[in-house]
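Data block below; observations after.
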Amino acid sequence: MVLKAIAQRRSIREYAPTAVSDAQVDELLRAAQFAPSAQNSRTTDFIVVREQAAKDAIARIMEKPFLKDAPVIIIPASGAKDIFYVQDIAIASENIFVQAAELGIGTLWKHVAPEQAVKIRALLGIPDDKKIVNLIPVGYPKEKTVPHGDADFDRKRIHADRW
Ligand SMILES: Cc1cc2nc3c(=O)[nH]c(=O)nc-3n(C[C@H](O)[C@H](O)[C@H](O)COP(=O)(O)O)c2cc1C
C-alpha cells in the first residue's frame, strides 16, 4: 500500500479548482508531524495558506502563476539547529507528499531561493528563528499522471556491500 502511494506521487504543476477539505489537509499535517525529526526536536511548524490574496502574492514572489491555482499551499518552517532544518523539512514534506498521493491529491516540492524566502517570510510573518526552504502546493491534478514504475527503478545504482 505504501509503495503504491509512493509510486503514485508525482510533481504537479497544474491544479484543478476542485476543493481540498480541512479534514484532508489535517491528514496531511498528521502525516507530516508523524515524521521523524533530528533529536526528536519536533520544531517544524506548518503554515496552511488558503487565502486567495496570499496565494496570489506567493505566486508573484515565486514567479510561478500556477501556485495561485492550488487550493492550498503548505509552508513548513523549521526551528531545528545547524543543518538539521533541511532534513526535518524534507522528511515531513515527503510524508505530506505520500499521504496526499494516497488521497489522489497532487503536491510539489517548490524550492524557495533565499531572496524569495525573505519576501515569503515578510508576507506570512514567519518568525526569525524558523527557516523555510520549500513550499508545497496541494490540490487535485488538472490531468491524470503516470505513476512511477519499473522504468524508474535502476539496479545499476544499487551496490551490494561496497561500491
Ligand atoms: C529538493 C527538490 C527541489 C525541487 N525543486 C523544484 C522546483 O523548484 N520546482 C519544480 O517545479 N519542481 C521541483 N522539484 C521537483 C522535481 O523536479 C521532481 O521531483 C522531479 O522532476 C521528478 O518528478 P516526480 O516528482 O514527478 O517524480 C524539486 C524536487 C526536490 C526533491
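The chains in the C-alpha cells are called A, B, ... from first to last as shown; in each chain the residues are counted from 1, and the ligands are counted from 1 in the order shown.
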
Write out as a Markdown table the residues of chain A that have any atom within 10 Å of an atom of ligand 1, one row each with the nearest atom pair and its distance in Å to one decimal, counting only C-alpha atoms and all ligand atoms, sorted by chain and then rising number.
```
| residue | atom | partner | partner_atom_place_in_ligand_line | distance |
| --- | --- | --- | --- | --- |
| A:Ile6 | CA | ligand 1 | 27 (O) | 9.3 |
| A:Ala7 | CA | ligand 1 | 27 (O) | 8.3 |
| A:Gln8 | CA | ligand 1 | 27 (O) | 8.8 |
| A:Arg9 | CA | ligand 1 | 27 (O) | 6.7 |
| A:Arg10 | CA | ligand 1 | 26 (O) | 3.4 |
| A:Ser11 | CA | ligand 1 | 26 (O) | 3.8 |
| A:Ile12 | CA | ligand 1 | 26 (O) | 7.0 |
| A:Arg13 | CA | ligand 1 | 11 (O) | 6.6 |
| A:Met62 | CA | ligand 1 | 8 (O) | 9.2 |
| A:Lys64 | CA | ligand 1 | 11 (O) | 9.0 |
| A:Val86 | CA | ligand 1 | 1 (C) | 9.5 |
| A:Ala90 | CA | ligand 1 | 1 (C) | 7.8 |
| A:Ser93 | CA | ligand 1 | 31 (C) | 9.7 |
| A:Glu94 | CA | ligand 1 | 31 (C) | 9.0 |
| A:Phe97 | CA | ligand 1 | 25 (O) | 9.5 |
| A:Gly106 | CA | ligand 1 | 26 (O) | 9.9 |
| A:Thr107 | CA | ligand 1 | 25 (O) | 8.7 |
| A:Leu108 | CA | ligand 1 | 15 (C) | 6.2 |
| A:Trp109 | CA | ligand 1 | 28 (C) | 4.8 |
| A:Lys110 | CA | ligand 1 | 8 (O) | 4.0 |
| A:His111 | CA | ligand 1 | 8 (O) | 3.8 |
| A:Val112 | CA | ligand 1 | 8 (O) | 6.8 |
| A:Ala113 | CA | ligand 1 | 8 (O) | 8.5 |
| A:Val133 | CA | ligand 1 | 1 (C) | 8.9 |
| A:Asn134 | CA | ligand 1 | 3 (C) | 7.7 |
| A:Leu135 | CA | ligand 1 | 8 (O) | 9.0 |
| A:Ile136 | CA | ligand 1 | 6 (C) | 10.0 |
| A:Thr145 | CA | ligand 1 | 26 (O) | 8.6 |
| A:Val146 | CA | ligand 1 | 26 (O) | 8.6 |
| A:Pro147 | CA | ligand 1 | 26 (O) | 8.3 |
| A:His148 | CA | ligand 1 | 27 (O) | 7.0 |
| A:Asp152 | CA | ligand 1 | 27 (O) | 9.0 |
```

Give me a file of those residues, with N, CA and C atoms, as a short mmCIF file (atom, residue, chain, number, x, y, z; two decimals), in the first residue's frame.
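Writing the result to out-v4.cif gives the following:
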```cif
data_model
loop_
_atom_site.label_atom_id
_atom_site.label_comp_id
_atom_site.auth_asym_id
_atom_site.auth_seq_id
_atom_site.Cartn_x
_atom_site.Cartn_y
_atom_site.Cartn_z
N ILE A 6 3.67 5.80 -2.90
CA ILE A 6 4.96 6.41 -3.26
C ILE A 6 5.09 6.46 -4.78
N ALA A 7 4.68 5.37 -5.45
CA ALA A 7 4.76 5.33 -6.92
C ALA A 7 3.79 6.33 -7.55
N GLN A 8 2.64 6.51 -6.94
CA GLN A 8 1.61 7.43 -7.48
C GLN A 8 2.04 8.89 -7.36
N ARG A 9 2.88 9.19 -6.37
CA ARG A 9 3.25 10.60 -6.14
C ARG A 9 4.03 11.17 -7.32
N ARG A 10 3.53 12.20 -7.92
CA ARG A 10 4.25 12.91 -8.98
C ARG A 10 4.24 14.40 -8.67
N SER A 11 5.18 15.12 -9.23
CA SER A 11 5.21 16.58 -9.05
C SER A 11 4.13 17.20 -9.92
N ILE A 12 3.25 17.95 -9.30
CA ILE A 12 2.10 18.53 -10.01
C ILE A 12 2.29 20.05 -10.14
N ARG A 13 2.19 20.51 -11.38
CA ARG A 13 2.38 21.94 -11.65
C ARG A 13 1.17 22.56 -12.32
N MET A 62 7.22 33.99 -6.28
CA MET A 62 7.90 32.80 -6.81
C MET A 62 7.97 32.81 -8.34
N LYS A 64 5.70 31.94 -10.34
CA LYS A 64 5.07 30.70 -10.81
C LYS A 64 3.55 30.88 -10.72
N VAL A 86 16.94 21.38 7.17
CA VAL A 86 16.62 20.92 5.81
C VAL A 86 16.11 19.47 5.85
N ALA A 90 12.48 18.20 4.86
CA ALA A 90 12.39 17.26 3.73
C ALA A 90 11.58 16.02 4.11
N SER A 93 7.97 16.83 4.56
CA SER A 93 7.37 17.11 3.24
C SER A 93 7.06 15.81 2.52
N GLU A 94 8.01 14.87 2.56
CA GLU A 94 7.78 13.61 1.86
C GLU A 94 6.57 12.88 2.46
N PHE A 97 3.66 14.43 0.92
CA PHE A 97 3.53 14.03 -0.49
C PHE A 97 2.87 12.65 -0.60
N GLY A 106 -2.52 16.01 -5.50
CA GLY A 106 -1.18 16.30 -6.01
C GLY A 106 -0.44 17.32 -5.16
N THR A 107 0.88 17.27 -5.23
CA THR A 107 1.75 18.17 -4.47
C THR A 107 3.00 18.47 -5.30
N LEU A 108 3.84 19.30 -4.77
CA LEU A 108 5.13 19.62 -5.41
C LEU A 108 6.08 20.15 -4.36
N TRP A 109 7.35 19.77 -4.47
CA TRP A 109 8.39 20.48 -3.71
C TRP A 109 8.78 21.67 -4.55
N LYS A 110 8.37 22.85 -4.14
CA LYS A 110 8.80 24.06 -4.84
C LYS A 110 9.88 24.70 -4.02
N HIS A 111 11.09 24.69 -4.60
CA HIS A 111 12.24 25.28 -3.91
C HIS A 111 12.03 26.78 -3.71
N VAL A 112 12.36 27.25 -2.52
CA VAL A 112 12.30 28.69 -2.24
C VAL A 112 13.74 29.20 -2.10
N ALA A 113 14.17 30.01 -3.05
CA ALA A 113 15.53 30.57 -3.01
C ALA A 113 15.61 31.59 -1.86
N VAL A 133 12.57 26.38 3.32
CA VAL A 133 13.36 26.02 2.13
C VAL A 133 12.47 25.64 0.95
N ASN A 134 11.19 25.41 1.24
CA ASN A 134 10.29 24.97 0.16
C ASN A 134 8.87 25.43 0.47
N LEU A 135 8.03 25.32 -0.54
CA LEU A 135 6.60 25.41 -0.26
C LEU A 135 5.90 24.31 -1.06
N ILE A 136 4.73 23.92 -0.56
CA ILE A 136 4.06 22.73 -1.10
C ILE A 136 2.65 23.09 -1.55
N THR A 145 -1.96 11.59 -14.03
CA THR A 145 -0.50 11.45 -14.04
C THR A 145 -0.11 9.98 -14.18
N VAL A 146 1.12 9.75 -14.62
CA VAL A 146 1.63 8.38 -14.77
C VAL A 146 2.43 8.04 -13.52
N PRO A 147 2.07 6.96 -12.83
CA PRO A 147 2.84 6.61 -11.63
C PRO A 147 4.25 6.15 -11.99
N HIS A 148 5.14 6.23 -11.03
CA HIS A 148 6.47 5.65 -11.22
C HIS A 148 6.32 4.13 -11.35
N ASP A 152 11.69 3.48 -13.65
CA ASP A 152 12.33 4.40 -12.71
C ASP A 152 13.15 3.66 -11.64
#
```

Selection near A:Pro65, 12 Å with only C-alpha atoms, sequence-local residues under 6 positions removed, as a PyMOL selection string: chain A and resi 13-15+55-59+137

Nearest to A:Arg50 by atom-to-atom distance, counting only C-alpha atoms, from A:Ala100, A:Val20, A:Ala31, A:Ala77: A:Val20

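Closest approach to A:Ala53 among A:Asp88, A:Ile158, A:Leu124, A:Ile83: A:Leu124, based on only C-alpha atoms.
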
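For the atom pair formed by atom CA of A:Gly139 and atom CA of A:Asn95, the distance is 15.7 Å, given to one decimal.
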
Strand (DSSP E) call set, DSSP backbone run, chain A, as a count of residues only: 23
